Every structure is written in structure tokens, then in C-alpha cells.
$ cat work26.cif   # mmCIF, C-alpha atoms
data_input
loop_
_atom_site.label_atom_id
_atom_site.label_comp_id
_atom_site.auth_asym_id
_atom_site.auth_seq_id
_atom_site.Cartn_x
_atom_site.Cartn_y
_atom_site.Cartn_z
CA MET R 1 0.00 0.00 0.00
CA ARG R 2 1.23 3.51 0.77
CA LYS R 3 2.58 5.80 -1.84
CA VAL R 4 2.38 4.23 -5.24
CA ARG R 5 -0.84 2.41 -4.43
CA VAL R 6 -2.30 5.52 -2.91
CA LEU R 7 -1.46 7.38 -6.07
CA ILE R 8 -2.87 4.66 -8.29
CA LEU R 9 -6.03 4.41 -6.25
CA ALA R 10 -6.35 8.15 -6.39
CA ILE R 11 -5.99 8.05 -10.17
CA ALA R 12 -8.64 5.37 -10.40
CA ALA R 13 -10.95 7.33 -8.15
CA GLY R 14 -11.31 10.39 -10.36
CA GLY R 15 -9.34 13.57 -10.30
CA LEU R 16 -7.80 15.89 -12.88
CA LEU R 17 -5.19 18.25 -13.95
CA THR R 18 -2.71 20.20 -15.89
CA GLN R 19 -1.06 21.52 -18.94
CA GLN R 20 2.58 22.24 -19.58
CA ALA R 21 5.54 23.85 -17.95
CA SER R 22 7.09 27.15 -18.75
CA HIS R 23 7.70 30.64 -18.09
CA SER R 24 7.93 33.89 -19.93
CA ALA R 25 6.49 34.51 -23.43
CA PRO R 26 2.72 34.80 -23.92
CA ALA R 27 0.92 31.48 -24.14
CA ALA R 28 -0.49 32.12 -27.59
CA GLU R 29 2.98 32.30 -29.07
CA GLN R 30 4.19 29.09 -27.47
CA PRO R 31 3.43 25.46 -28.21
CA GLU R 32 1.07 23.93 -25.68
CA ASN R 33 3.99 22.16 -23.98
CA ALA R 34 5.66 25.45 -23.18
CA ARG R 35 2.77 27.23 -21.50
CA GLY R 36 3.31 25.82 -18.03
CA PRO R 37 0.60 24.64 -15.66
CA GLN R 38 -2.82 26.08 -16.46
CA TYR R 39 -5.48 26.68 -13.81
CA ASP R 40 -9.20 27.31 -14.16
CA VAL R 41 -11.09 30.12 -12.41
CA GLN R 42 -11.41 28.00 -9.27
CA GLY R 43 -7.64 27.48 -9.21
CA ARG R 44 -7.96 23.84 -10.25
CA LEU R 45 -5.28 22.44 -12.52
CA VAL R 46 -6.47 21.93 -16.12
CA ARG R 47 -6.05 18.40 -17.49
CA PRO R 48 -2.97 18.04 -19.71
CA GLN R 49 -3.91 17.21 -23.28
CA ASN R 50 -0.68 16.18 -24.95
CA TYR R 51 1.43 14.57 -22.25
CA ARG R 52 1.96 11.53 -24.50
CA GLU R 53 4.26 13.80 -26.52
CA TRP R 54 6.28 14.78 -23.47
CA ILE R 55 9.49 13.03 -22.40
CA TYR R 56 8.97 9.46 -21.19
CA LEU R 57 10.80 8.61 -17.96
CA SER R 58 9.85 5.02 -17.07
CA SER R 59 7.10 2.46 -16.53
CA GLY R 60 6.21 0.08 -13.73
CA LEU R 61 3.85 -2.86 -13.56
CA GLY R 62 1.96 -3.32 -10.30
CA MET R 63 4.36 -1.15 -8.28
CA ALA R 64 3.24 -1.13 -4.64
CA TYR R 65 4.35 -0.23 -1.14
CA SER R 66 2.94 -3.44 0.18
CA PRO R 67 4.12 -6.92 -0.80
CA ASN R 68 0.44 -7.96 -1.02
CA PRO R 69 -1.47 -5.33 -2.95
CA SER R 70 -5.17 -5.91 -3.41
CA ALA R 71 -5.81 -4.48 -6.90
CA PRO R 72 -4.88 -6.32 -10.14
CA PRO R 73 -1.50 -5.10 -11.42
CA ALA R 74 -1.61 -2.16 -13.84
CA PHE R 75 1.08 -0.39 -15.84
CA THR R 76 2.10 3.12 -14.80
CA ASN R 77 3.91 5.36 -17.31
CA VAL R 78 5.63 8.59 -16.23
CA PHE R 79 6.10 11.61 -18.52
CA VAL R 80 7.70 15.00 -17.83
CA GLU R 81 7.20 18.22 -19.76
CA PRO R 82 10.10 18.70 -22.24
CA GLY R 83 11.27 22.10 -20.96
CA ALA R 84 11.63 20.77 -17.42
CA TYR R 85 13.44 17.70 -18.77
CA ARG R 86 15.97 19.85 -20.63
CA ALA R 87 16.58 21.94 -17.51
CA PHE R 88 17.09 18.76 -15.46
CA THR R 89 19.62 17.31 -17.90
CA ALA R 90 21.56 20.60 -17.70
CA THR R 91 21.43 21.11 -13.92
CA GLY R 92 20.14 18.00 -12.10
CA ARG R 93 17.32 20.16 -10.69
CA TRP R 94 13.64 20.72 -11.52
CA PRO R 95 12.81 24.30 -12.50
CA ASP R 96 9.73 26.14 -11.30
CA LYS R 97 6.64 25.13 -13.38
CA THR R 98 7.86 21.53 -13.80
CA MET R 99 5.01 19.15 -14.59
CA PHE R 100 4.84 15.34 -14.45
CA VAL R 101 2.03 13.08 -15.59
CA LEU R 102 1.56 9.55 -14.26
CA GLU R 103 -0.62 7.51 -16.60
CA GLU R 104 -2.20 4.22 -15.55
CA ARG R 105 -3.08 1.56 -18.14
CA ALA R 106 -4.58 -1.90 -17.88
CA ALA R 107 -2.28 -4.90 -18.48
CA ALA R 108 -3.18 -7.81 -20.79
CA SER R 109 -1.33 -11.05 -21.47
CA LYS R 110 -3.08 -12.76 -24.36
CA GLY R 111 -3.63 -10.87 -27.60
CA SER R 112 -2.55 -11.12 -31.23
CA ILE R 113 0.74 -13.04 -31.33
CA ASN R 114 1.59 -12.38 -27.69
CA LYS R 115 1.27 -15.42 -25.43
CA GLY R 116 3.15 -14.48 -22.28
CA GLY R 117 4.12 -11.53 -20.13
CA HIS R 118 2.11 -8.31 -20.16
CA PHE R 119 1.35 -5.49 -22.58
CA GLN R 120 -0.55 -2.23 -22.16
CA THR R 121 -4.15 -1.64 -23.17
CA ASP R 122 -6.87 0.77 -22.01
CA LEU R 123 -6.26 4.01 -20.16
CA ARG R 124 -7.36 3.83 -16.52
CA GLY R 125 -6.63 7.42 -15.57
CA ILE R 126 -3.97 10.05 -15.09
CA ALA R 127 -2.46 12.04 -12.23
CA ALA R 128 -0.12 15.01 -12.28
CA ALA R 129 2.57 16.57 -10.13
CA VAL R 130 3.32 20.29 -10.48
CA LYS R 131 6.07 22.47 -9.04
CA ASP R 132 4.72 26.02 -8.86
CA GLU R 133 6.33 28.07 -6.15
CA ASN R 134 3.96 31.02 -6.40
CA HIS R 135 0.88 28.86 -6.45
CA PHE R 136 1.54 26.25 -3.74
CA PRO R 137 2.98 26.93 -0.28
CA GLU R 138 4.80 23.57 -0.34
CA LYS R 139 6.09 24.22 -3.90
CA TRP R 140 4.84 20.87 -5.26
CA ALA R 141 1.20 19.78 -5.55
CA TYR R 142 -0.51 16.60 -6.75
CA PHE R 143 -3.70 16.10 -8.74
CA ASN R 144 -5.86 13.17 -9.83
CA PHE R 145 -7.92 13.35 -13.02
CA GLY R 146 -9.10 9.80 -13.50
CA LEU R 147 -10.33 9.10 -17.01
CA ARG R 148 -12.27 12.21 -17.87
CA ALA R 149 -12.02 15.09 -15.39
CA GLU R 150 -11.16 18.33 -17.17
CA SER R 151 -9.67 19.88 -14.04
CA ALA R 152 -8.73 18.82 -10.52
CA PRO R 153 -8.00 20.42 -7.14
CA ALA R 154 -4.68 19.81 -5.39
CA ASN R 155 -4.76 16.73 -3.16
CA PRO R 156 -4.36 17.17 0.61
CA LYS R 157 -0.75 17.34 1.70
CA GLU R 158 -0.88 13.92 3.37
CA ALA R 159 -2.17 12.17 0.25
CA CYS R 160 0.90 12.58 -1.97
CA TRP R 161 3.16 15.46 -1.00
CA GLN R 162 4.29 13.96 2.28
CA CYS R 163 5.51 10.71 0.76
CA HIS R 164 7.12 12.42 -2.23
CA ASN R 165 8.89 14.80 0.13
CA GLN R 166 10.07 12.04 2.44
CA HIS R 167 11.06 9.43 -0.16
CA GLY R 168 11.78 11.26 -3.44
CA ALA R 169 15.47 11.08 -4.32
CA VAL R 170 15.49 14.55 -5.96
CA ASP R 171 13.24 17.42 -4.84
CA ASN R 172 9.97 15.51 -4.23
CA THR R 173 10.45 13.28 -7.31
CA PHE R 174 11.18 9.55 -7.47
CA VAL R 175 14.32 9.79 -9.56
CA GLN R 176 15.37 6.47 -8.00
CA PHE R 177 12.84 4.88 -10.39
CA TYR R 178 13.86 6.85 -13.52
CA PRO R 179 16.97 5.07 -14.79
CA THR R 180 18.06 7.72 -17.30
CA LEU R 181 17.74 10.60 -14.79
CA LYS R 182 19.47 8.96 -11.83
CA PRO R 183 23.03 9.26 -13.25
CA ILE R 184 22.37 12.90 -14.20
CA ALA R 185 21.30 13.77 -10.64
CA MET R 186 24.29 11.90 -9.24
CA LYS R 187 26.62 13.82 -11.53
CA PHE R 188 25.22 17.16 -10.33
CA GLY R 189 25.16 16.05 -6.67
CA THR R 190 21.40 16.46 -6.31
CA TYR R 191 20.62 12.77 -5.73
CA LYS R 192 19.74 11.77 -2.17
CA PRO R 193 19.54 7.99 -1.66
CA ARG R 194 16.13 7.38 -0.09
CA GLU R 195 14.33 4.39 1.34
CA MET A 1 9.44 -17.88 -28.40
CA ARG A 2 9.20 -16.50 -31.90
CA LYS A 3 8.97 -12.87 -32.66
CA VAL A 4 9.21 -10.81 -29.51
CA ARG A 5 11.61 -13.25 -27.88
CA VAL A 6 13.67 -13.45 -31.02
CA LEU A 7 13.89 -9.69 -31.01
CA ILE A 8 14.78 -9.54 -27.36
CA LEU A 9 17.42 -12.24 -27.71
CA ALA A 10 18.79 -10.44 -30.72
CA ILE A 11 18.98 -7.23 -28.69
CA ALA A 12 20.81 -9.04 -25.95
CA ALA A 13 23.20 -10.65 -28.42
CA GLY A 14 24.73 -7.43 -29.73
CA GLY A 15 23.85 -5.44 -32.80
CA LEU A 16 23.50 -1.78 -33.72
CA LEU A 17 21.73 0.91 -35.58
CA THR A 18 20.35 4.22 -36.42
CA GLN A 19 19.72 7.82 -36.06
CA GLN A 20 16.58 9.69 -36.96
CA ALA A 21 14.04 9.92 -39.67
CA SER A 22 13.73 12.58 -42.30
CA HIS A 23 14.22 13.82 -45.68
CA SER A 24 15.28 16.94 -47.44
CA ALA A 25 17.32 19.73 -45.83
CA PRO A 26 21.02 19.19 -45.07
CA ALA A 27 21.70 17.32 -41.83
CA ALA A 28 23.75 20.10 -40.31
CA GLU A 29 20.78 22.43 -40.34
CA GLN A 30 18.38 19.97 -38.72
CA PRO A 31 18.08 18.67 -35.18
CA GLU A 32 19.43 15.14 -34.83
CA ASN A 33 15.88 13.74 -34.75
CA ALA A 34 15.13 15.13 -38.18
CA ARG A 35 18.11 13.74 -40.07
CA GLY A 36 16.61 10.33 -40.84
CA PRO A 37 18.43 7.01 -40.66
CA GLN A 38 22.20 7.37 -40.88
CA TYR A 39 24.46 4.68 -42.34
CA ASP A 40 28.20 4.21 -42.04
CA VAL A 41 30.54 3.56 -44.99
CA GLN A 42 29.70 -0.16 -44.86
CA GLY A 43 25.99 0.63 -45.10
CA ARG A 44 25.39 -0.32 -41.46
CA LEU A 45 22.83 1.65 -39.54
CA VAL A 46 24.36 4.08 -37.02
CA ARG A 47 23.18 3.67 -33.41
CA PRO A 48 20.51 6.23 -32.45
CA GLN A 49 21.75 8.56 -29.72
CA ASN A 50 18.69 10.39 -28.50
CA TYR A 51 15.79 7.98 -28.94
CA ARG A 52 14.77 8.58 -25.31
CA GLU A 53 13.60 12.01 -26.48
CA TRP A 54 11.47 10.52 -29.27
CA ILE A 55 7.77 9.73 -28.86
CA TYR A 56 7.01 6.88 -26.47
CA LEU A 57 4.52 4.31 -27.77
CA SER A 58 4.24 1.60 -25.10
CA SER A 59 6.00 -0.86 -22.81
CA GLY A 60 5.70 -4.57 -22.16
CA LEU A 61 7.02 -6.81 -19.43
CA GLY A 62 8.18 -10.27 -20.50
CA MET A 63 6.20 -10.24 -23.75
CA ALA A 64 6.67 -13.60 -25.54
CA TYR A 65 5.31 -15.77 -28.31
CA SER A 66 5.50 -18.78 -26.09
CA PRO A 67 3.54 -19.28 -22.86
CA ASN A 68 6.76 -20.65 -21.30
CA PRO A 69 9.64 -18.35 -22.17
CA SER A 70 13.05 -19.29 -20.84
CA ALA A 71 14.62 -15.89 -20.04
CA PRO A 72 13.72 -13.81 -16.95
CA PRO A 73 11.10 -11.19 -17.85
CA ALA A 74 12.43 -7.81 -18.97
CA PHE A 75 10.75 -4.53 -19.82
CA THR A 76 10.63 -3.43 -23.46
CA ASN A 77 9.97 0.24 -24.28
CA VAL A 78 9.11 1.37 -27.82
CA PHE A 79 9.91 4.84 -29.20
CA VAL A 80 9.28 6.35 -32.64
CA GLU A 81 11.00 9.33 -34.23
CA PRO A 82 8.81 12.47 -33.79
CA GLY A 83 8.48 13.35 -37.48
CA ALA A 84 7.17 9.87 -38.31
CA TYR A 85 4.80 10.06 -35.34
CA ARG A 86 3.34 13.36 -36.55
CA ALA A 87 2.85 11.92 -40.04
CA PHE A 88 1.12 8.87 -38.56
CA THR A 89 -1.27 10.94 -36.48
CA ALA A 90 -2.20 12.90 -39.64
CA THR A 91 -2.55 9.95 -42.06
CA GLY A 92 -2.52 6.58 -40.22
CA ARG A 93 0.53 5.63 -42.30
CA TRP A 94 4.29 5.50 -41.74
CA PRO A 95 6.29 7.78 -44.03
CA ASP A 96 9.53 6.76 -45.70
CA LYS A 97 12.48 7.12 -43.26
CA THR A 98 10.36 6.12 -40.24
CA MET A 99 12.48 4.82 -37.37
CA PHE A 100 11.52 2.86 -34.26
CA VAL A 101 13.71 1.92 -31.30
CA LEU A 102 12.91 -1.00 -29.01
CA GLU A 103 14.74 -0.64 -25.70
CA GLU A 104 15.13 -3.54 -23.27
CA ARG A 105 15.60 -2.89 -19.54
CA ALA A 106 15.97 -5.18 -16.55
CA ALA A 107 13.05 -5.45 -14.12
CA ALA A 108 13.44 -5.16 -10.33
CA SER A 109 10.85 -5.61 -7.57
CA LYS A 110 12.48 -4.51 -4.34
CA GLY A 111 14.07 -1.08 -4.11
CA SER A 112 13.57 2.12 -2.13
CA ILE A 113 9.93 2.25 -1.04
CA ASN A 114 8.73 -0.22 -3.66
CA LYS A 115 7.80 -3.62 -2.28
CA GLY A 116 5.78 -5.28 -5.03
CA GLY A 117 5.36 -5.39 -8.78
CA HIS A 118 8.18 -4.41 -11.11
CA PHE A 119 10.10 -1.26 -12.04
CA GLN A 120 12.78 -0.62 -14.67
CA THR A 121 16.50 -0.54 -14.02
CA ASP A 122 19.59 -1.16 -16.22
CA LEU A 123 19.64 -0.98 -19.98
CA ARG A 124 20.02 -4.41 -21.60
CA GLY A 125 20.25 -3.30 -25.21
CA ILE A 126 18.41 -1.67 -28.08
CA ALA A 127 17.10 -2.68 -31.49
CA ALA A 128 15.75 -0.55 -34.33
CA ALA A 129 13.32 -0.82 -37.22
CA VAL A 130 13.75 1.46 -40.24
CA LYS A 131 11.54 2.09 -43.26
CA ASP A 132 13.82 3.23 -46.09
CA GLU A 133 12.44 2.41 -49.50
CA ASN A 134 15.57 3.34 -51.44
CA HIS A 135 17.86 1.45 -49.10
CA PHE A 136 16.05 -1.85 -48.47
CA PRO A 137 14.32 -3.99 -51.10
CA GLU A 138 11.63 -5.01 -48.59
CA LYS A 139 11.19 -1.36 -47.45
CA TRP A 140 11.63 -2.19 -43.75
CA ALA A 141 14.80 -3.51 -42.07
CA TYR A 142 15.67 -4.52 -38.50
CA PHE A 143 18.86 -4.02 -36.53
CA ASN A 144 20.23 -5.12 -33.16
CA PHE A 145 22.75 -2.99 -31.28
CA GLY A 146 22.92 -4.60 -27.88
CA LEU A 147 24.44 -2.38 -25.23
CA ARG A 148 27.31 -0.75 -27.04
CA ALA A 149 27.50 -1.39 -30.80
CA GLU A 150 27.93 1.88 -32.67
CA SER A 151 26.47 0.44 -35.87
CA ALA A 152 24.70 -2.73 -37.04
CA PRO A 153 23.92 -4.55 -40.27
CA ALA A 154 20.32 -5.34 -41.23
CA ASN A 155 19.12 -8.68 -39.84
CA PRO A 156 18.27 -11.50 -42.27
CA LYS A 157 14.72 -11.27 -43.59
CA GLU A 158 13.58 -14.33 -41.61
CA ALA A 159 14.83 -12.92 -38.29
CA CYS A 160 12.42 -9.99 -37.96
CA TRP A 161 10.96 -8.79 -41.24
CA GLN A 162 8.90 -11.90 -41.90
CA CYS A 163 7.05 -11.81 -38.60
CA HIS A 164 6.54 -8.05 -38.70
CA ASN A 165 5.16 -8.38 -42.21
CA GLN A 166 2.86 -11.25 -41.32
CA HIS A 167 1.61 -10.05 -37.94
CA GLY A 168 2.00 -6.24 -37.85
CA ALA A 169 -1.40 -4.51 -37.83
CA VAL A 170 -0.14 -1.50 -39.84
CA ASP A 171 2.61 -1.72 -42.46
CA ASN A 172 5.05 -4.08 -40.66
CA THR A 173 4.46 -2.43 -37.26
CA PHE A 174 2.74 -3.86 -34.19
CA VAL A 175 0.18 -1.10 -33.77
CA GLN A 176 -2.05 -3.65 -32.02
CA PHE A 177 0.29 -3.16 -29.02
CA TYR A 178 0.40 0.68 -29.16
CA PRO A 179 -2.83 1.79 -27.51
CA THR A 180 -2.69 5.44 -28.55
CA LEU A 181 -1.97 4.65 -32.23
CA LYS A 182 -4.55 1.90 -32.73
CA PRO A 183 -7.60 4.25 -32.80
CA ILE A 184 -5.76 6.56 -35.22
CA ALA A 185 -5.08 3.70 -37.66
CA MET A 186 -8.67 2.53 -37.33
CA LYS A 187 -9.94 6.02 -38.11
CA PHE A 188 -7.84 6.18 -41.28
CA GLY A 189 -8.71 2.59 -42.29
CA THR A 190 -5.10 1.40 -42.22
CA TYR A 191 -5.53 -1.06 -39.33
CA LYS A 192 -5.58 -4.76 -40.23
CA PRO A 193 -6.57 -7.04 -37.32
CA ARG A 194 -3.78 -9.62 -37.11
CA GLU A 195 -3.20 -12.75 -35.08
#
$ encode --input "work26.cif" --output "C-alpha cells"
Amino acid sequence: MRKVRVLILAIAAGGLLTQQASHSAPAAEQPENARGPQYDVQGRLVRPQNYREWIYLSSGLGMAYSPNPSAPPAFTNVFVEPGAYRAFTATGRWPDKTMFVLEERAAASKGSINKGGHFQTDLRGIAAAVKDENHFPEKWAYFNFGLRAESAPANPKEACWQCHNQHGAVDNTFVQFYPTLKPIAMKFGTYKPRE
Amino acid sequence: MRKVRVLILAIAAGGLLTQQASHSAPAAEQPENARGPQYDVQGRLVRPQNYREWIYLSSGLGMAYSPNPSAPPAFTNVFVEPGAYRAFTATGRWPDKTMFVLEERAAASKGSINKGGHFQTDLRGIAAAVKDENHFPEKWAYFNFGLRAESAPANPKEACWQCHNQHGAVDNTFVQFYPTLKPIAMKFGTYKPRE
């Protein structure tokens, strides 16, 4: 249970969020990816539309904080907005306006020529993490969109933030599970080994 | 066994290939992704350097054509060059110079706060598929680079091409396993249900 399962359950439950990360020029002149997190009039994060074209970080299957999870194993795919990715590769740090999306997909074993193992099928929902120092007192906030929500409020601090803060290897993020980012953070001295 | 396992074994065995897909303007003026497949003086495909910044299509864990595969299950991640992806989303077809990379990574279960399921760790090798109508008589060719090969020759037709041609849902590609591309191909009428 804990963390990953909490996040996955939260995704399954409903939720929303986001857009893309960035900074200065007016939104209309930038591609969607470069506009940074977008909020609606209630301050809810707007659901990201094109995160499948962001930078892929890694996938898990059935990741859980308990050795005996109760739900059937699903795939989780993690994407980060390209501008934040480029900043991370150059500095080992996440800039303000960084956005992540965690996508959950069902796992199938039998289909077409595949007879063993697991492949990905239907979307189960998405969640997002956003670093926005002006917007959130704790800098990072977490959002669940499920399958269809067009926007989502930030989750309570104890739902996601606390675990990310306590266990994330780099600035509230689980770089310990992103094999291409881990050596970059180690090179820049920003990697904290975490249990 | 068969297909996926053959590919994975081939990745593990060694191999090489590629760069990125595209077409007209001189390479020096284009980002690496837009240069199309690159070949060395022996006509071997040059290993792609930045495929992790291409478009992610899907992942599997231990996918196999046999219900009893012999190797320990590994993750496989599939990426496609962004220009080819954009063409596919607009037409449901792969343009000439399309390039795919299949990346294999080890799977771990225990690490940091994760106690169940599987997450990705070390790179095991990469393979590539290239559509290059002027270069290959069968249009598509397949290459294995393993961990370090800087270039690779095309595999024999019976190693990869035959199965891709017989079982790929869209033009030698396994779109049946890429959940975001399948509805696009169906919309454009290019999807052939395949066993």
C-alpha cells in the first residue's frame, strides 16, 4: 500500500489536472507544452492534453508499497514536460513550473501473437505533479484526473506530498525509479539515496 | 518464443543501428531527430543517440510468443521518431524514413519504497526498425545494437521482417500493441486485425 498504491487508487478514483511547464512569453505564441501549468477560475489544474508527446521517464507494472497489494497489477507510465526535462539534464534540478504526468493503463497477457508476459491496453486514468512556487505553499502539488475530469484540485498534503517529500530522491520526485535521470542527478550532486 | 523473444534475444546478443528519420534539408541544419536514418561507410545503420527524447509508444514486461519463455522477464519500451509520429497521427501511415527503437531494460521488484510489482533498471540493449524504401528492397529492415555497438547490419529477412510483415497490424508495425496509435489507424482505415 502507501505511496504508489495511494497514487494509483487516487488516479482510479477520479481527479484531474494540468497543462505544460514554462515561463515567460505569452501562451499564444508558445506550443502547448511550453505554457506551463494552467489553472481554471477555481484554481484547479487543467487536465494536460498532450502529455503523450512529453518526455517518457519510465514504466512500472503493479508497483506497490505493500508486498500484497489488493488491486490487479496495472502499468504506470511517467512523462515530464520537455522544458523541465531539458533543464534537469543541464542542472540535475527541476525548474519552477515543472510538470509530471503519471498515466495508468490496464495490463493484458493474451492478444494477437503475444502469449506471455504483459502489454498495455486501455487508459485507466492520469495524475499530475506540479512544481509552482507562487501557487503552492509547499512548492509541489498533486492532482488526480481519472479518465475524464477536465480539471482537478490539489490533493491534501498527506495524500501525496508527504511521501514524495520524504522518499523522493530529488526534490519531491522519485528519480530512484527513472533510470536515465538517476546518473544525471548523481553527476550534479542532487541525488539523495532514499528508502 | 518466436517474434518478440527473437527480437529480445537479438537485442541481448549485440547489434546496432540508427539515427533519426527525415528527408530533405542538409543534416547540419536539422536537429538530430530530423536527419533520418544514418548509415556508415559499410551501409550499417548508425546507433541512435537520443531515442529517449522521441515519442514513447508503449511498454511490455516479459512479452513472448511462447507461454513458457526461458529468459527472466524484462521490460521493453518502444519509441518512434517524432516526425514519423506526426505523419502517422495525420494519415494513419508511416512515411519513408520512419524509425523505431525497441529498448530492453531489466526489471526489479524490491528497491527504495517499492515492495511489489516491477520497475525498470539497467539498460540491456536496443534494437531498431527502419523504413527506407531506397535502401532496403523489402522497405523495412531490422537491426540489433545490444548495449554498445555503434552500428549494425540489417538482420536477415527471416529474423524480424517476416514476422513483422505477417503479424504487424499496420505496415510491418505492431500497432495492435500501441494503444494510442490503434484508434488513429482505425480512423484512417489502415488497421488490419492480425493474429
$ interface_residues --input "work26.cif" --of "chain R" --to "chain A" --cutoff "7 Å" --atoms "all atoms listed in the file" --output "JSON, numbers by chain"
{"R": [53, 55, 56, 58, 59, 60, 61, 62, 63, 64, 65, 66, 67, 112, 113, 114, 115, 116, 117, 118, 119, 120, 121, 122, 177, 179, 194, 195]}
$ atom_distance --input "work26.cif" --atom1 "atom CA of Val175 of chain A" --atom2 "atom CA of Ala90 of chain A"
15.4 Å
$ resolve_selection --input "work26.cif" --expression "the PyMOL selection byres ((chain R and resi 127) around 6)" --output "list of chain:residue names"
R:Ile11, R:Val101, R:Leu102, R:Ile126, R:Ala128, R:Phe143, R:Asn144, R:Phe145
$ write_last_selection --input "work26.cif" --atoms "C-alpha atoms" --output "short mmCIF file (atom, residue, chain, number, x, y, z; two decimals), in the frame of the given file"
data_model
loop_
_atom_site.label_atom_id
_atom_site.label_comp_id
_atom_site.auth_asym_id
_atom_site.auth_seq_id
_atom_site.Cartn_x
_atom_site.Cartn_y
_atom_site.Cartn_z
CA ILE R 11 -5.99 8.05 -10.17
CA VAL R 101 2.03 13.08 -15.59
CA LEU R 102 1.56 9.55 -14.26
CA ILE R 126 -3.97 10.05 -15.09
CA ALA R 128 -0.12 15.01 -12.28
CA PHE R 143 -3.70 16.10 -8.74
CA ASN R 144 -5.86 13.17 -9.83
CA PHE R 145 -7.92 13.35 -13.02
#
$ residues_around --input "work26.cif" --residues "Pro153 of chain A" --least-positions-apart "4" --cutoff "10 Å" --atoms "only C-alpha atoms" --output "list of chain:residue names"
A:Gly15, A:Leu16, A:Leu17, A:Tyr39, A:Asp40, A:Gln42, A:Gly43, A:Arg44, A:Leu45, A:Val46, A:Ala141, A:Tyr142, A:Phe143, A:Asn144, A:Phe145
$ atom_distance --input "work26.cif" --atom1 "atom CA of Gly36 of chain R" --atom2 "atom CA of Ala152 of chain R"
15.8 Å
$ atom_distance --input "work26.cif" --atom1 "atom CA of Asn134 of chain A" --atom2 "atom CA of Pro48 of chain A"
19.8 Å
$ axis_aligned_box --input "work26.cif" --around "segment 157-172 of chain A" --padding-each-side "3 Å" --output "AutoDock Vina command-line options"
--center_x 6.7 --center_y -7.9 --center_z -40.7 --size_x 22.2 --size_y 18.8 --size_z 11.8
$ residues_around --input "work26.cif" --residues "Asp96 of chain A" --least-positions-apart "4" --cutoff "7 Å" --atoms "all atoms listed in the file" --output "list in words"
Lys131, Asp132 and Glu133 of chain A
$ resolve_selection --input "work26.cif" --expression "the PyMOL selection byres ((chain A and resi 88) around 12)" --output "MDAnalysis selection string"
chainID A and resid 55 80:87 89:96 98 170:171 173 175 180:188 190:191
